[in-house]
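Enquirer: Got work-v2.json for you, JSON, C-alpha atoms:
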[["chain", "number", "residue", "atom", "x", "y", "z"],
["A", 1, "MET", "CA", 2.49, 2.99, 29.51],
["A", 2, "PHE", "CA", 1.33, 0.17, 27.18],
["A", 3, "PRO", "CA", 1.97, -3.54, 27.75],
["A", 4, "SER", "CA", 5.05, -4.62, 25.80],
["A", 5, "SER", "CA", 3.07, -7.52, 24.34],
["A", 6, "LEU", "CA", 1.12, -4.98, 22.26],
["A", 7, "TYR", "CA", 4.24, -3.31, 20.87],
["A", 8, "PRO", "CA", 4.34, -5.18, 17.51],
["A", 9, "LEU", "CA", 0.59, -4.91, 16.97],
["A", 10, "LEU", "CA", 0.21, -1.23, 17.82],
["A", 11, "THR", "CA", 3.40, -0.23, 16.02],
["A", 12, "SER", "CA", 2.36, -1.95, 12.79],
["A", 13, "LEU", "CA", -1.17, -0.50, 12.98],
["A", 14, "PHE", "CA", 0.22, 2.98, 13.59],
["A", 15, "ALA", "CA", 2.56, 2.53, 10.61],
["A", 16, "ALA", "CA", -0.43, 1.65, 8.43],
["A", 17, "ILE", "CA", -2.40, 4.69, 9.61],
["A", 18, "LEU", "CA", 0.58, 7.00, 9.21],
["A", 19, "ALA", "CA", 1.25, 5.82, 5.66],
["A", 20, "GLN", "CA", -2.41, 6.23, 4.69],
["A", 21, "VAL", "CA", -2.62, 9.75, 6.15],
["A", 22, "LEU", "CA", 0.65, 10.77, 4.48],
["A", 23, "LYS", "CA", -0.88, 9.93, 1.08],
["A", 24, "ILE", "CA", -3.06, 13.05, 1.34],
["A", 25, "PRO", "CA", -0.27, 15.68, 1.43],
["A", 26, "VAL", "CA", 1.84, 13.68, -1.02],
["A", 27, "TYR", "CA", -1.03, 13.63, -3.51],
["A", 28, "TYR", "CA", -1.58, 17.35, -2.91],
["A", 29, "TYR", "CA", 2.12, 18.04, -3.56],
["A", 30, "GLN", "CA", 2.00, 16.01, -6.79],
["A", 31, "THR", "CA", -1.27, 17.36, -8.19],
["A", 32, "GLY", "CA", -2.28, 20.50, -6.30],
["A", 33, "LYS", "CA", -5.57, 18.78, -5.39],
["A", 34, "TRP", "CA", -6.64, 18.15, -1.81],
["A", 35, "GLU", "CA", -8.16, 14.64, -1.76],
["A", 36, "PRO", "CA", -8.88, 13.26, 1.73],
["A", 37, "LYS", "CA", -10.13, 10.03, 0.11],
["A", 38, "TRP", "CA", -6.47, 9.02, -0.24],
["A", 39, "ALA", "CA", -6.53, 8.22, 3.49],
["A", 40, "ILE", "CA", -8.53, 5.09, 2.65],
["A", 41, "ALA", "CA", -7.32, 4.41, -0.90],
["A", 42, "SER", "CA", -5.02, 1.63, -2.04],
["A", 43, "GLY", "CA", -1.96, 2.46, -4.10],
["A", 44, "GLY", "CA", -0.03, 5.69, -3.94],
["A", 45, "PHE", "CA", 2.95, 6.93, -1.92],
["A", 46, "PRO", "CA", 3.82, 5.63, 0.61],
["A", 47, "SER", "CA", 2.69, 2.01, 0.57],
["A", 48, "SER", "CA", 0.78, 1.21, 3.75],
["A", 49, "HIS", "CA", 1.20, -2.48, 2.97],
["A", 50, "SER", "CA", 4.96, -2.06, 3.12],
["A", 51, "SER", "CA", 4.96, 0.19, 6.18],
["A", 52, "THR", "CA", 2.70, -2.20, 8.10],
["A", 53, "VAL", "CA", 4.62, -5.41, 7.47],
["A", 54, "THR", "CA", 8.03, -3.76, 7.83],
["A", 55, "ALA", "CA", 7.02, -2.18, 11.15],
["A", 56, "LEU", "CA", 5.72, -5.55, 12.33],
["A", 57, "SER", "CA", 8.99, -7.26, 11.41],
["A", 58, "MET", "CA", 11.13, -4.56, 12.98],
["A", 59, "ALA", "CA", 9.06, -4.50, 16.19],
["A", 60, "ILE", "CA", 9.35, -8.28, 16.44],
["A", 61, "GLY", "CA", 13.09, -8.03, 15.79],
["A", 62, "ILE", "CA", 13.53, -5.37, 18.47],
["A", 63, "GLN", "CA", 11.39, -7.25, 20.97],
["A", 64, "GLU", "CA", 12.32, -10.88, 20.30],
["A", 65, "GLY", "CA", 15.74, -10.45, 18.71],
["A", 66, "PHE", "CA", 16.77, -10.27, 15.08],
["A", 67, "ASN", "CA", 18.08, -13.83, 15.30],
["A", 68, "SER", "CA", 14.72, -15.26, 16.43],
["A", 69, "ALA", "CA", 12.55, -17.59, 14.38],
["A", 70, "LEU", "CA", 9.62, -15.21, 14.79],
["A", 71, "PHE", "CA", 11.59, -12.37, 13.21],
["A", 72, "ALA", "CA", 12.55, -14.67, 10.32],
["A", 73, "VAL", "CA", 8.89, -15.57, 9.73],
["A", 74, "THR", "CA", 7.74, -11.94, 9.76],
["A", 75, "ALA", "CA", 10.64, -10.84, 7.54],
["A", 76, "VAL", "CA", 9.74, -13.44, 4.90],
["A", 77, "PHE", "CA", 6.07, -12.47, 5.20],
["A", 78, "SER", "CA", 7.06, -8.81, 4.70],
["A", 79, "LEU", "CA", 9.08, -9.56, 1.59],
["A", 80, "ILE", "CA", 6.17, -11.49, 0.06],
["A", 81, "VAL", "CA", 3.70, -8.68, 0.79],
["A", 82, "MET", "CA", 6.03, -6.01, -0.63],
["A", 83, "TYR", "CA", 6.72, -8.07, -3.75],
["A", 84, "ASP", "CA", 2.99, -8.59, -4.24],
["A", 85, "ALA", "CA", 2.26, -4.88, -3.74],
["A", 86, "SER", "CA", 4.86, -3.79, -6.27],
["A", 87, "HIS", "CA", 4.44, -6.50, -8.88],
["A", 88, "VAL", "CA", 1.30, -8.61, -8.84],
["A", 89, "ARG", "CA", -1.14, -5.92, -7.71],
["A", 90, "TYR", "CA", 0.57, -3.20, -9.77],
["A", 91, "TYR", "CA", 0.35, -5.19, -13.00],
["A", 92, "THR", "CA", -3.22, -6.25, -12.24],
["A", 93, "GLY", "CA", -4.09, -2.56, -12.18],
["A", 94, "LYS", "CA", -2.28, -2.04, -15.49],
["A", 95, "SER", "CA", -4.24, -4.95, -17.01],
["A", 96, "ILE", "CA", -7.51, -3.37, -15.88],
["A", 97, "ALA", "CA", -6.53, -0.05, -17.46],
["A", 98, "LEU", "CA", -5.62, -1.79, -20.72],
["A", 99, "THR", "CA", -8.89, -3.75, -20.76],
["A", 100, "GLN", "CA", -10.92, -0.59, -20.18],
["A", 101, "GLU", "CA", -9.08, 1.18, -22.99],
["A", 102, "LEU", "CA", -9.76, -1.74, -25.36],
["A", 103, "ILE", "CA", -13.46, -1.66, -24.46],
["A", 104, "LYS", "CA", -13.55, 2.08, -25.14],
["A", 105, "ASP", "CA", -11.83, 1.59, -28.52],
["A", 106, "ILE", "CA", -14.21, -1.20, -29.53],
["A", 107, "ARG", "CA", -17.21, 0.87, -28.46],
["A", 108, "THR", "CA", -15.89, 3.89, -30.45],
["A", 109, "SER", "CA", -15.32, 1.80, -33.58],
["A", 110, "GLY", "CA", -18.96, 0.76, -33.60],
["A", 111, "THR", "CA", -18.16, -2.61, -35.15],
["A", 112, "VAL", "CA", -19.20, -4.67, -32.14],
["A", 113, "ARG", "CA", -22.11, -4.10, -29.76],
["A", 114, "LEU", "CA", -21.16, -4.26, -26.11],
["A", 115, "ASP", "CA", -24.56, -4.55, -24.43],
["A", 116, "SER", "CA", -23.58, -6.39, -21.28],
["A", 117, "PRO", "CA", -23.52, -4.24, -18.10],
["A", 118, "LEU", "CA", -20.16, -5.83, -17.39],
["A", 119, "TYR", "CA", -18.60, -3.63, -20.07],
["A", 120, "ALA", "CA", -19.91, -0.47, -18.40],
["A", 121, "GLU", "CA", -18.44, -1.32, -15.02],
["A", 122, "LYS", "CA", -15.63, 0.98, -13.91],
["A", 123, "LEU", "CA", -12.88, -0.88, -12.12],
["A", 124, "LYS", "CA", -10.23, 0.74, -9.99],
["A", 125, "THR", "CA", -6.90, 0.75, -11.79],
["A", 126, "VAL", "CA", -4.66, 1.88, -8.89],
["A", 127, "LEU", "CA", -4.34, -1.40, -7.04],
["A", 128, "GLY", "CA", -0.64, -1.74, -6.43],
["A", 129, "HIS", "CA", 2.49, 0.30, -6.01],
["A", 130, "LYS", "CA", 5.50, 1.49, -7.92],
["A", 131, "ASN", "CA", 8.82, 0.47, -6.39],
["A", 132, "VAL", "CA", 9.42, 3.97, -4.97],
["A", 133, "GLU", "CA", 6.04, 3.81, -3.18],
["A", 134, "VAL", "CA", 6.99, 0.47, -1.63],
["A", 135, "LEU", "CA", 10.35, 1.93, -0.62],
["A", 136, "GLY", "CA", 8.59, 4.87, 1.07],
["A", 137, "GLY", "CA", 6.44, 2.49, 3.09],
["A", 138, "PHE", "CA", 9.46, 0.36, 3.91],
["A", 139, "LEU", "CA", 11.30, 3.39, 5.32],
["A", 140, "ILE", "CA", 8.35, 4.33, 7.54],
["A", 141, "GLY", "CA", 8.17, 0.76, 8.79],
["A", 142, "LEU", "CA", 11.91, 0.69, 9.37],
["A", 143, "ILE", "CA", 12.08, 3.90, 11.44],
["A", 144, "LEU", "CA", 8.78, 3.94, 13.33],
["A", 145, "PRO", "CA", 9.42, 0.90, 15.58],
["A", 146, "PHE", "CA", 12.58, 2.52, 16.94],
["A", 147, "LEU", "CA", 10.66, 5.71, 17.70],
["A", 148, "MET", "CA", 7.82, 3.83, 19.38],
["A", 149, "ALA", "CA", 9.94, 1.36, 21.39],
["A", 150, "PRO", "CA", 10.40, 3.70, 24.39],
["A", 151, "VAL", "CA", 6.61, 3.96, 24.80],
["A", 152, "PHE", "CA", 6.48, 0.20, 25.45],
["A", 153, "ALA", "CA", 9.62, -0.10, 27.61]]
Written as structure tokens, how would this file's structure read?
Expert:
Amino acid sequence: MFPSSLYPLLTSLFAAILAQVLKIPVYYYQTGKWEPKWAIASGGFPSSHSSTVTALSMAIGIQEGFNSALFAVTAVFSLIVMYDASHVRYYTGKSIALTQELIKDIRTSGTVRLDSPLYAEKLKTVLGHKNVEVLGGFLIGLILPFLMAPVFA
């Protein structure tokens, strides 16, 4: 149906879309609030970063062989992206939350004037993922290429 050369690309893109769409019912289950904006938000369960790169690696492994150099490159790339999503980006979000709390405390104390518009800027604090969110994305990326392989055979 589709050219096999598009298998890794389309599989990884579908994994990203699937993970983003799944964030909506997961958020609803967790909070009782229906928030369609989660379909385009970063952070949350499952990680679309993890599902995308894992699906890409698995599709390459299925297509080119798990002993190929291309699979090795995509696997290393995937590990770097998942580490970044669960550590660097997660702790960046935590730092933003801490900074905003400090600004609020300073403003409340009234001892220092914070006149710069920079202090009023609201930054997004959910930038990265908890390990379980990365794992959820990893599992989607692990399974989806096997389900989609027959479409490209």
Enquirer: Using only C-alpha atoms, which protein or nucleic acid residues come within 12 Å of Ser4 in chain A? Drop anything in the same chain fewer than 2 positions from it, and give the result as a ChimeraX atom specification.
Expert: /A:1-2,6-11,59-60,62-64,148-153
Enquirer: So what do you get for CA of Lys37 in chain A versus CA of Thr99 in chain A, distance-wise?
Expert: 25.0 Å
Enquirer: To one decimal in Å, tell me the separation between CA of Phe71 in chain A and CA of Thr54 in chain A.
Expert: 10.8 Å
Enquirer: Looking at only C-alpha atoms, which of A:Glu121, A:Glu35, A:Glu133, A:Asp105 is the one that sits closest to Ser51 in chain A?
Expert: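 Ranked by minimum distance to Ser51 in chain A, first place goes to A:Glu133.
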Enquirer: One decimal, Å: what's the distance from CA of His87 in chain A over to CA of Gly137 in chain A, could you say?
Expert: 15.1 Å
Enquirer: Around range 113-120 of chain A, fit a box with edges along x, y and z, padding it by 8 Å on each side, then list its centre and edge lengths in Å to one decimal as AutoDock Vina command-line options.
Expert:
--center_x -21.6 --center_y -3.4 --center_z -23.6 --size_x 22.0 --size_y 21.9 --size_z 28.4
Enquirer: Would you kindly return, as a short mmCIF file (atom, residue, chain, number, x, y, z; two decimals) with C-alpha atoms, in the coordinates of the input, each protein, DNA or RNA residue with an atom no farther than 12 Å from any atom of Val26 in chain A, considering only C-alpha atoms and excluding same-chain residues fewer than 2 positions away?
Expert:
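Saved as out35.cif:
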data_model
loop_
_atom_site.label_atom_id
_atom_site.label_comp_id
_atom_site.auth_asym_id
_atom_site.auth_seq_id
_atom_site.Cartn_x
_atom_site.Cartn_y
_atom_site.Cartn_z
CA ALA A 19 1.25 5.82 5.66
CA GLN A 20 -2.41 6.23 4.69
CA VAL A 21 -2.62 9.75 6.15
CA LEU A 22 0.65 10.77 4.48
CA LYS A 23 -0.88 9.93 1.08
CA ILE A 24 -3.06 13.05 1.34
CA TYR A 28 -1.58 17.35 -2.91
CA TYR A 29 2.12 18.04 -3.56
CA GLN A 30 2.00 16.01 -6.79
CA THR A 31 -1.27 17.36 -8.19
CA GLY A 32 -2.28 20.50 -6.30
CA LYS A 33 -5.57 18.78 -5.39
CA TRP A 34 -6.64 18.15 -1.81
CA GLU A 35 -8.16 14.64 -1.76
CA PRO A 36 -8.88 13.26 1.73
CA TRP A 38 -6.47 9.02 -0.24
CA ALA A 39 -6.53 8.22 3.49
CA GLY A 44 -0.03 5.69 -3.94
CA PHE A 45 2.95 6.93 -1.92
CA PRO A 46 3.82 5.63 0.61
CA SER A 47 2.69 2.01 0.57
CA GLU A 133 6.04 3.81 -3.18
CA GLY A 136 8.59 4.87 1.07
#
Enquirer: Taking only C-alpha atoms into account, name the residue in A:Ala15, A:Lys104, A:His129, A:Phe66 that is nearest to Tyr91 in chain A.
Expert: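 When distances to Tyr91 in chain A are compared using only C-alpha atoms, the smallest one comes from A:His129.
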Enquirer: Choose the residue, out of A:His49, A:Thr74, A:Ser95, A:Ser42, that has the smallest atom-to-atom separation from Gly61 in chain A; count only C-alpha atoms.
Expert: A:Thr74
